[in-house]
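Peer 1: Sharing input-v9.txt (compact mmCIF, C-alpha atoms) below.
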# COMPACT_ATOMS: atom_id res chain seq x y z
CA MET A 2 123.02 124.96 97.11
CA PRO A 3 122.63 125.13 93.30
CA CYS A 4 121.88 121.97 91.36
CA ASP A 5 123.71 120.23 88.52
CA PRO A 6 122.75 121.65 85.08
CA ASN A 7 123.23 118.18 83.55
CA PHE A 8 120.39 116.84 85.71
CA LEU A 9 118.06 119.55 84.41
CA ALA A 10 118.83 118.49 80.83
CA ALA A 11 117.28 115.06 81.54
CA ILE A 12 113.96 116.59 82.70
CA ARG A 13 111.35 117.12 80.01
CA MET A 14 110.32 120.51 81.33
CA PHE A 15 113.83 121.89 80.76
CA ASP A 16 114.95 119.97 77.67
CA HIS A 17 114.28 122.99 75.39
CA LEU A 18 116.70 125.19 77.34
CA ASN A 19 120.15 125.74 75.94
CA GLU A 20 123.25 125.20 78.03
CA ASP A 21 123.52 128.82 79.18
CA ASP A 22 119.87 128.91 80.26
CA ARG A 23 120.25 125.68 82.20
CA VAL A 24 123.32 126.97 83.96
CA ALA A 25 121.52 130.20 84.85
CA LEU A 26 118.50 128.29 86.11
CA ALA A 27 120.65 125.85 88.08
CA ASN A 28 122.21 128.77 89.93
CA VAL A 29 118.83 129.93 91.28
CA ILE A 30 117.35 126.49 92.04
CA ASP A 31 117.97 125.30 95.58
CA GLU A 32 118.72 121.72 96.54
CA LEU A 33 117.06 120.29 99.65
CA LYS A 34 117.76 117.05 101.51
CA VAL A 35 114.69 115.39 103.06
CA PRO A 36 115.32 112.66 105.69
CA ALA A 37 113.34 109.43 105.55
CA GLY A 38 110.00 109.76 107.34
CA HIS A 39 110.10 113.56 107.20
CA THR A 40 107.02 115.47 105.97
CA LEU A 41 108.05 117.97 103.31
CA PHE A 42 104.70 119.77 103.47
CA GLN A 43 101.16 119.04 104.62
CA ALA A 44 97.80 119.62 103.01
CA GLY A 45 96.66 123.15 103.79
CA ASP A 46 100.16 124.62 104.10
CA PRO A 47 100.86 127.72 102.00
CA GLY A 48 103.13 127.09 99.06
CA ASP A 49 104.91 129.19 96.44
CA SER A 50 107.37 126.66 95.04
CA LEU A 51 107.42 123.35 93.21
CA PHE A 52 109.74 120.42 93.80
CA ILE A 53 111.67 118.15 91.43
CA MET A 54 112.92 114.78 92.62
CA GLN A 55 116.64 114.16 92.32
CA SER A 56 116.84 110.93 94.29
CA GLY A 57 114.78 108.90 96.75
CA ALA A 58 111.00 108.55 96.87
CA ILE A 59 108.31 110.89 98.24
CA GLU A 60 104.71 109.81 98.71
CA LEU A 61 101.93 112.28 97.96
CA PHE A 62 98.65 111.51 99.69
CA ILE A 63 95.43 113.02 100.97
CA LYS A 64 92.89 111.93 103.55
CA ASP A 65 89.21 111.65 102.74
CA THR A 66 86.34 112.68 105.00
CA ALA A 67 86.43 109.26 106.65
CA GLY A 68 90.07 109.81 107.62
CA GLN A 69 91.38 107.15 105.26
CA LYS A 70 94.67 107.71 103.49
CA ILE A 71 94.53 107.97 99.68
CA VAL A 72 97.91 107.75 97.96
CA LEU A 73 97.92 109.97 94.87
CA THR A 74 101.37 109.06 93.59
CA THR A 75 104.92 108.29 94.65
CA ALA A 76 107.38 110.78 93.19
CA GLN A 77 110.50 109.19 91.72
CA PRO A 78 113.70 110.83 90.43
CA GLY A 79 112.79 113.24 87.61
CA ASP A 80 109.18 113.71 88.77
CA MET A 81 107.72 117.12 89.60
CA PHE A 82 105.17 117.90 92.33
CA GLY A 83 103.79 120.81 94.33
CA GLU A 84 103.10 122.92 91.25
CA LEU A 85 99.40 123.55 91.97
CA ALA A 86 99.96 125.64 95.10
CA MET A 87 102.73 127.54 93.35
CA LEU A 88 100.62 128.39 90.30
CA ASP A 89 97.52 129.65 92.10
CA THR A 90 99.26 130.69 95.37
CA GLY A 91 96.69 128.59 97.23
CA PRO A 92 97.27 126.06 100.01
CA ARG A 93 98.85 122.68 99.40
CA THR A 94 96.28 120.11 98.30
CA ALA A 95 98.21 117.03 99.48
CA THR A 96 100.81 115.90 102.00
CA ALA A 97 104.34 114.93 100.91
CA LEU A 98 106.07 112.27 103.02
CA ALA A 99 109.60 111.04 102.32
CA LEU A 100 109.63 107.24 102.11
CA SER A 101 113.42 107.26 101.99
CA GLU A 102 116.18 109.83 102.23
CA SER A 103 115.53 112.10 99.25
CA ASP A 104 117.13 115.01 97.43
CA VAL A 105 114.73 117.51 95.85
CA LEU A 106 115.16 120.68 93.84
CA VAL A 107 113.12 123.72 94.92
CA LEU A 108 111.91 126.10 92.20
CA ASP A 109 109.97 129.15 93.43
CA ARG A 110 107.38 131.21 91.57
CA GLY A 111 109.76 133.97 90.46
CA ASP A 112 112.22 131.50 88.97
CA LEU A 113 109.41 129.75 87.11
CA ILE A 114 108.11 133.01 85.63
CA LEU A 115 111.63 133.76 84.41
CA LEU A 116 111.79 130.30 82.84
CA PHE A 117 108.46 130.75 81.04
CA GLN A 118 109.56 134.12 79.71
CA ARG A 119 112.68 132.58 78.23
CA LYS A 120 111.13 129.35 76.99
CA PRO A 121 107.29 129.34 76.68
CA GLU A 122 107.48 125.65 75.68
CA ALA A 123 108.25 124.80 79.29
CA ALA A 124 104.72 125.93 80.23
CA LEU A 125 103.29 123.25 77.94
CA HIS A 126 105.38 120.59 79.66
CA MET A 127 104.09 121.74 83.04
CA LEU A 128 100.52 121.55 81.73
CA ALA A 129 101.25 118.01 80.54
CA ALA A 130 102.47 117.10 84.03
CA LEU A 131 99.33 118.62 85.55
CA SER A 132 97.12 116.66 83.15
CA GLY A 133 98.92 113.46 84.15
CA LEU A 134 98.15 114.13 87.81
CA THR A 135 94.53 114.88 86.91
CA ARG A 136 94.26 111.57 85.08
CA LYS A 137 95.60 109.75 88.13
CA ALA A 138 93.12 111.56 90.36
CA ASP A 139 90.27 110.64 88.00
CA GLU A 140 91.32 107.00 88.10
CA LEU A 141 91.43 107.08 91.91
CA LEU A 142 87.94 108.57 92.03
CA ARG A 143 86.64 105.97 89.58
CA THR A 144 88.07 103.04 91.54
CA ARG A 145 87.03 104.40 94.95
CA VAL A 146 83.41 105.19 94.10
CA SER A 147 82.42 101.68 95.08
CA ARG A 148 84.43 98.61 95.94
CA ASN A 149 83.48 94.99 95.58
CA VAL A 150 84.03 93.13 98.82
CA ASN A 151 84.66 89.86 96.97
CA GLU A 152 87.35 91.50 94.84
CA GLU A 153 88.92 93.05 97.94
CA MET A 154 89.13 89.64 99.64
CA GLU A 155 90.36 87.94 96.48
CA VAL A 156 93.40 90.21 96.44
CA HIS A 157 94.48 88.93 99.89
CA SER A 158 93.48 85.32 99.23
CA THR A 159 95.90 82.40 98.85
CA PRO A 160 95.39 78.93 97.29
CA LEU A 161 95.26 77.37 100.78
CA LEU A 162 92.56 79.79 101.92
CA ARG A 163 90.53 79.14 98.78
CA ILE A 164 90.81 75.38 99.40
CA ALA A 165 89.67 75.89 103.00
CA ASP A 166 86.66 77.90 101.78
CA TRP A 167 85.73 75.18 99.30
CA ILE A 168 86.04 72.40 101.91
CA ALA A 169 83.94 74.38 104.40
CA TRP A 170 81.32 74.97 101.70
CA PHE A 171 81.29 71.32 100.59
CA SER A 172 81.08 69.99 104.18
CA GLY A 173 77.82 71.90 104.61
CA SER A 174 76.20 70.56 101.46
CA MET A 175 73.73 67.70 100.96
CA ALA A 176 76.24 65.92 98.72
CA PHE A 177 78.69 65.68 101.63
CA LEU A 178 75.95 64.36 103.94
CA ILE A 179 74.86 61.70 101.44
CA LEU A 180 78.47 60.72 100.74
CA ASN A 181 79.25 60.24 104.43
CA GLY A 182 75.99 58.40 105.08
CA GLY A 183 76.61 55.98 102.19
CA TRP A 184 80.19 55.42 103.34
CA PHE A 185 79.07 54.60 106.90
CA VAL A 186 76.38 52.18 105.69
CA ILE A 187 78.81 50.35 103.40
CA TRP A 188 81.52 50.21 106.09
CA ILE A 189 79.15 48.83 108.74
CA ALA A 190 77.57 46.34 106.30
CA ILE A 191 80.96 44.96 105.25
CA ASN A 192 82.05 44.49 108.87
CA THR A 193 78.78 43.01 110.23
CA LEU A 194 76.99 41.08 107.45
CA PRO A 195 78.18 37.71 106.07
CA LEU A 196 79.13 39.00 102.62
CA GLY A 197 82.19 36.82 102.21
CA ILE A 198 84.49 39.77 102.89
CA PRO A 199 86.86 39.63 105.92
CA HIS A 200 85.72 41.85 108.78
CA PHE A 201 88.70 44.24 108.98
CA ASP A 202 86.95 46.55 111.50
CA PRO A 203 84.48 44.51 113.61
CA PHE A 204 82.08 46.01 116.14
CA PRO A 205 82.47 48.52 117.83
CA PHE A 206 84.23 49.84 114.70
CA GLY A 207 87.34 51.34 116.28
CA LEU A 208 89.00 52.20 112.96
CA LEU A 209 85.85 53.92 111.68
CA THR A 210 85.58 55.87 114.95
CA MET A 211 89.18 57.08 114.63
CA ILE A 212 88.72 58.10 110.97
CA VAL A 213 85.50 59.96 111.74
CA SER A 214 87.17 61.73 114.69
CA LEU A 215 90.06 62.86 112.51
CA GLU A 216 87.61 63.98 109.86
CA ALA A 217 85.69 66.02 112.42
CA ILE A 218 88.90 67.66 113.69
CA PHE A 219 90.09 68.68 110.22
CA LEU A 220 86.63 69.83 109.14
CA SER A 221 86.29 71.96 112.26
CA CYS A 222 89.66 73.60 111.50
CA PHE A 223 88.62 74.33 107.92
CA VAL A 224 85.27 75.71 109.11
CA LEU A 225 87.02 78.01 111.63
CA ILE A 226 89.39 79.25 108.92
CA SER A 227 86.43 79.95 106.66
CA GLN A 228 84.60 81.71 109.49
CA ASN A 229 87.62 83.94 110.10
CA ARG A 230 87.66 84.76 106.40
CA GLN A 231 83.97 85.56 106.55
CA ALA A 232 84.57 87.82 109.56
CA GLN A 233 87.25 89.68 107.59
CA LYS A 234 84.89 89.95 104.64
CA ASP A 235 82.16 91.35 106.92
CA LYS A 236 84.63 93.93 108.25
CA VAL A 237 85.55 95.01 104.71
CA ARG A 238 81.85 95.15 103.82
CA ALA A 239 81.19 97.33 106.88
CA ASP A 240 84.02 99.68 105.88
CA ILE A 241 82.66 99.92 102.34
CA GLU A 242 79.15 100.62 103.63
CA TYR A 243 80.56 103.33 105.91
CA GLU A 244 82.36 104.94 102.97
CA VAL A 245 79.20 104.79 100.88
CA ASN A 246 77.20 106.40 103.70
CA ILE A 247 79.77 109.19 104.05
CA LYS A 248 79.71 109.84 100.31
CA ALA A 249 75.91 109.80 100.30
CA GLU A 250 75.81 112.33 103.14
CA LEU A 251 78.27 114.59 101.30
CA GLU A 252 76.23 114.31 98.11
CA ILE A 253 73.01 115.13 99.97
CA ALA A 254 74.68 118.13 101.59
CA HIS A 255 75.91 119.24 98.17
CA LEU A 256 72.37 118.92 96.78
CA HIS A 257 71.04 120.98 99.68
CA GLU A 258 73.59 123.68 98.92
CA LYS A 259 72.53 123.69 95.28
CA THR A 260 68.86 123.87 96.28
CA ASP A 261 69.51 126.79 98.64
CA ARG A 262 71.49 128.57 95.95
CA ILE A 263 68.72 128.06 93.40
CA TYR A 264 66.16 129.30 95.95
CA GLU A 265 68.22 132.42 96.66
CA ASN A 266 68.60 133.14 92.93
CA MET A 267 64.86 132.69 92.38
CA MET A 268 63.97 135.00 95.25
CA ALA A 269 66.42 137.62 93.95
CA ARG A 270 64.84 137.40 90.49
CA PHE A 271 61.32 137.62 91.92
CA GLU A 272 62.35 140.69 93.88
CA LYS A 273 63.72 142.32 90.73
CA MET A 274 60.51 141.45 88.85
CA ASP A 275 58.40 142.96 91.63
CA LYS A 276 60.41 146.15 91.54
CA LYS A 277 59.95 146.39 87.77
CA MET A 278 56.19 145.77 88.00
CA LEU A 279 55.64 148.43 90.67
CA PRO A 280 54.54 151.81 89.21
If you convert what's in this file into structure tokens, what do you get?
Peer 2:
Amino acid sequence: MPCDPNFLAAIRMFDHLNEDDRVALANVIDELKVPAGHTLFQAGDPGDSLFIMQSGAIELFIKDTAGQKIVLTTAQPGDMFGELAMLDTGPRTATALALSESDVLVLDRGDLILLFQRKPEAALHMLAALSGLTRKADELLRTRVSRNVNEEMEVHSTPLLRIADWIAWFSGSMAFLILNGGWFVIWIAINTLPLGIPHFDPFPFGLLTMIVSLEAIFLSCFVLISQNRQAQKDKVRADIEYEVNIKAELEIAHLHEKTDRIYENMMARFEKMDKKMLP
């Protein structure tokens, strides 16, 4: 089903087209409805067309060597995606998943060539869109090279969890031990020695026992909360270390490939030199 020419006028790639060109292009562009949760295409699929969002939202993502999902972008109305596979006729480099019911326009390679022949400026707009995707990919690579476990946990932290961490830390300090010891000594002295102060909690110090018991209960809860947080932090640290190990293995394999290639080139050159030196 052809699309609305007025929608094409709002897209930067087609804003240089006149009304007749937009109408002609709208007649050859197909409209496709993608249900929510449906995969439009997967990484590795052949592709000879690009897509333009009309409505809805489609998530573009890849999976790294560790199997973790990396979201490249979420296409919104007016966005274009899938142009790489169409330009070089190679396989799709990412997977497109509809987050909600979406309407997309499908522009194949022949239609795009016709558009570029009529309006070469449209090619510059496509290059601008490609550069924007490249910038996003560069930013993803920069942020995923190494992650700070403290920053990762801080994102999911709440004021209550931070208070629990501080209480657990303070309860294990010498200051807390000295504070409690001084408080016990003063309490017992007031309630046993003739200091002229009424004994509000005489031996066996039932009120002090109750307060200390409540303190122990609350401190144990805060310590358990902090331990759970530490366990989550250790899990994140283990995941980060695993990612680093995978990346290191890939880098080492890449270096081996470079070394083998250099060795092959050197041997080929030595063989040519030997042939030239032979009489």
Peer 1: Considering all atoms listed in the file, state which residue in the set A:Thr159, A:Asn7, A:Thr90, A:Ser221 is at the smallest distance from Gly173 of chain A.
Peer 2: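 Selected residue with least distance to Gly173 of chain A: A:Ser221.
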Peer 1: Could you please determine the separation between atom CA of Ile71 of chain A and atom CA of Ile241 of chain A in Å, to one decimal place?
Peer 2: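 Those two atoms sit 14.6 Å apart.
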Peer 1: May I have the protein, DNA and RNA residues with any atom at most 6 Å from the point (113.8, 110.5, 100.2), counting all atoms listed in the file, written as number ranges by chain?
Peer 2: A: 35, 37, 57-59, 99-103
Peer 1: Leaving out segment 108-116 of chain A and any residue of its chain fewer than 5 positions from it, which residues lie within 6 Å of it when counting all atoms listed in the file, given as a ChimeraX atom specification?
Peer 2: /A:30,49-51
Peer 1: Counting all atoms listed in the file, which residue out of A:Val107, A:Gly83, A:Gly45, A:Leu209 sits closest to Leu33 of chain A?
Peer 2: A:Val107
Peer 1: Can you pull out every residue within 12 Å of Ser172 of chain A, counting only C-alpha atoms, but drop anything in the same chain fewer than 2 positions away, and send it as an MDAnalysis selection string?
Peer 2: chainID A and resid 165:170 174:181 216:217 219:224 227
Peer 1: State, in Å with one decimal place, the distance from atom CA of Gln118 of chain A to atom CA of Pro78 of chain A.
Peer 2: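 Spanning atom CA of Gln118 of chain A to atom CA of Pro78 of chain A is a straight-line distance of 26.0 Å.
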Peer 1: Separation of atom CA of Ala10 of chain A and atom CA of Val72 of chain A, in Å?
Peer 2: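 Spanning atom CA of Ala10 of chain A to atom CA of Val72 of chain A is a straight-line distance of 29.1 Å.
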Peer 1: Choose the residue, out of A:Leu73, A:Leu106, A:Ile63, A:Ala95, that has the smallest atom-to-atom separation from Pro47 of chain A; count all atoms listed in the file.
Peer 2: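 Smallest separation from Pro47 of chain A among the options: A:Ala95.
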Peer 1: Rank nothing, just name the residue among A:Phe204, A:Asn19, A:Lys273, A:Glu250 nearest to Ala190 of chain A, using all atoms listed in the file.
Peer 2: A:Phe204
Peer 1: Within 8 Å of Phe201 of chain A, counting all atoms listed in the file, which residues qualify if same-chain residues fewer than 2 places away don't, as a list in words?
Peer 2: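 Residues near the query, excluding close chain neighbours: Asn192, Pro199 and Pro203 of chain A.
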